[in-house]
Amino acid sequence: MSEELVTYSLEGPVALIGLNRPDKRNAISDAVIDALSAAVLRAHDEADVAVLHGHGSNFCAGLDLAEALQRATGQIARPRKRKRHNWHVVFDQIARGPIPFVAALHGAVVGGGLELATAAHIRVCDETAFFGLPEGQRGIFVGGGGTVRIQRVVGTTVMMDMMLTGRLLSPAEGLQEHIVRYVTPAGQALDKARELAQRIAKNTIETNWKIINVLPRINDVSHDDGLFFEQLNSAMARPPEAEQRLREFVDGKAAPLQPKKGS
Ligand code: 1HE
């Protein structure tokens, strides 16, 4: 993997994965996708939770338009065979893998950058963030799973408006449309994401896996099938940590959900 294009480090159980092409506003080229995939797969092995962020003044300006132009003009040859789109593969590695991802967003979160952000399970932004889908202005279409993922997050009405008009959403609108769950002062999104990731890492690995893999699938099926899948999952053999955690609660040794009054 190219260490320049995507940075990787471990903070205990949390992997930090940073898009690192700030001079091009972290635009996603084929080389960036390969480096991102390598970092994500490494985090699957080494970490219990990962944080995605961008170096420089933006999270990500989306598809590398210079490379897209080279592809459109035949300067980059078309592949002979139709393989699964590499963005779909990598964003699914994030969204449907073994560990939760928290995205820390700032500056431009546009086009493929928003598609990448919505592959994460929780999103935090700072006050500098803006969200957009400028594909219409560029004569192209979303291709990184946005029709599926972004549409499920913000709904058809909002996505249609963003795509047709090119309207940019502010952090407050991002919060309103469920793109983000947390907004921080400028420069603090990464710290907040790290804090959330450390907290998520305290859950059992098995429950985290169920939350990120079962919930989105149940969202896609009927009411009856959803309840059936839920029962299957809740009846799955529980790992030893579950018994230990249940016992801690019953014995009064579990940390309280909220600090006790007066303490
Ligand atoms: C890029 C890209 C890029 C910047 N591909 N090179 N995405 C877009 O339509 C967004 C395009 N970018 C922008 O609108 C602006 O760059 C930003 C609002 C993100 C940032 O503005 P600013 O003033 O800080 O930077 P800049 O001066 O516009 O760009 C700095 C450099 O980054 C410049 O290169 P330089 O060599 O002239 O210095 C830009 O060309 C370069 N750059 N963005 C390539 N995206 C699978 S489908 C997904 C479809 C999409 O993602 S569509 C959305 C594409």
# chains A, B, ... in the order shown; residues from 1 in each chain; ligands from 1
$ residues_near_ligand --ligand "ligand 1" --cutoff "6 Å" --atoms "only C-alpha atoms and all ligand atoms" --output "PDB file with C-alpha atoms, in the first residue's frame"
ATOM      1  CA  ASP A  23      -2.891  19.048  -2.542  1.00  0.00           C
ATOM      2  CA  LYS A  24      -5.694  17.428  -4.585  1.00  0.00           C
ATOM      3  CA  ARG A  25      -8.220  17.834  -1.779  1.00  0.00           C
ATOM      4  CA  ALA A  27      -9.693  13.295  -4.456  1.00  0.00           C
ATOM      5  CA  ALA A  61     -13.392  16.153  -2.967  1.00  0.00           C
ATOM      6  CA  GLY A  62     -14.767  12.920  -4.455  1.00  0.00           C
ATOM      7  CA  LEU A  63     -13.747  11.217  -7.645  1.00  0.00           C
ATOM      8  CA  ASP A  64     -10.408  12.243  -9.154  1.00  0.00           C
ATOM      9  CA  LEU A  65     -11.828  14.212 -12.062  1.00  0.00           C
ATOM     10  CA  ALA A  66      -8.493  14.385 -13.908  1.00  0.00           C
ATOM     11  CA  ALA A 108     -15.485  19.374   1.385  1.00  0.00           C
ATOM     12  CA  VAL A 110     -18.653  15.929  -1.802  1.00  0.00           C
ATOM     13  CA  GLY A 111     -19.514  13.379  -4.472  1.00  0.00           C
ATOM     14  CA  GLY A 112     -17.504  10.236  -3.809  1.00  0.00           C
ATOM     15  CA  PRO A 134     -21.946  17.871  -7.790  1.00  0.00           C
ATOM     16  CA  GLU A 135     -22.127  14.956 -10.257  1.00  0.00           C
ATOM     17  CA  VAL A 142     -22.788   8.778  -8.522  1.00  0.00           C
ATOM     18  CA  GLY A 143     -20.863   5.500  -8.727  1.00  0.00           C
ATOM     19  CA  GLY A 144     -19.602   4.665  -5.253  1.00  0.00           C
TER      20      GLY A 144
END
$ residues_around --residues "Gly113 of chain A" --least-positions-apart "2" --cutoff "12 Å" --atoms "only C-alpha atoms" --output "MDAnalysis selection string"
chainID A and resid 19 25:29 33 52:54 58:64 87 91 103:111 115:120 129:135 142:146 150
$ residues_around --residues "His44 of chain A" --least-positions-apart "2" --cutoff "8 Å" --atoms "only C-alpha atoms" --output "list in words"
Val40, Leu41, Arg42, Glu46, Ala47, Asp48, Gly97, Pro98 and Ile99 of chain A
$ closest_residue --among "A:Val250, A:His121, A:Ala237, A:Ala35" --to "Ala193 of chain A" --atoms "only C-alpha atoms"
A:His121
$ select_by_dssp --residues "segment 49-170 of chain A" --states "alpha helix (DSSP H)" --output "PyMOL selection string"
chain A and resi 65-72+86-95+112-119+135-138+146-154+156-165
$ closest_residue --among "A:Ala38, A:Arg238, A:Val32, A:Thr156" --to "Ile94 of chain A" --atoms "only C-alpha atoms"
A:Ala38
$ closest_residue --among "A:Leu175, A:Leu215, A:Cys125, A:Ile140" --to "Gln188 of chain A" --atoms "only C-alpha atoms"
A:Cys125
$ closest_residue --among "A:Thr128, A:Ser170, A:Asn86, A:Asn213" --to "Ala31 of chain A" --atoms "only C-alpha atoms"
A:Asn86
$ select_by_dssp --residues "segment 49-243 of chain A" --states "strand (DSSP E or B)" --output "PyMOL selection string"
chain A and resi 49-54+60+63+101-105+108-110+122-126+130-132+169+182-184
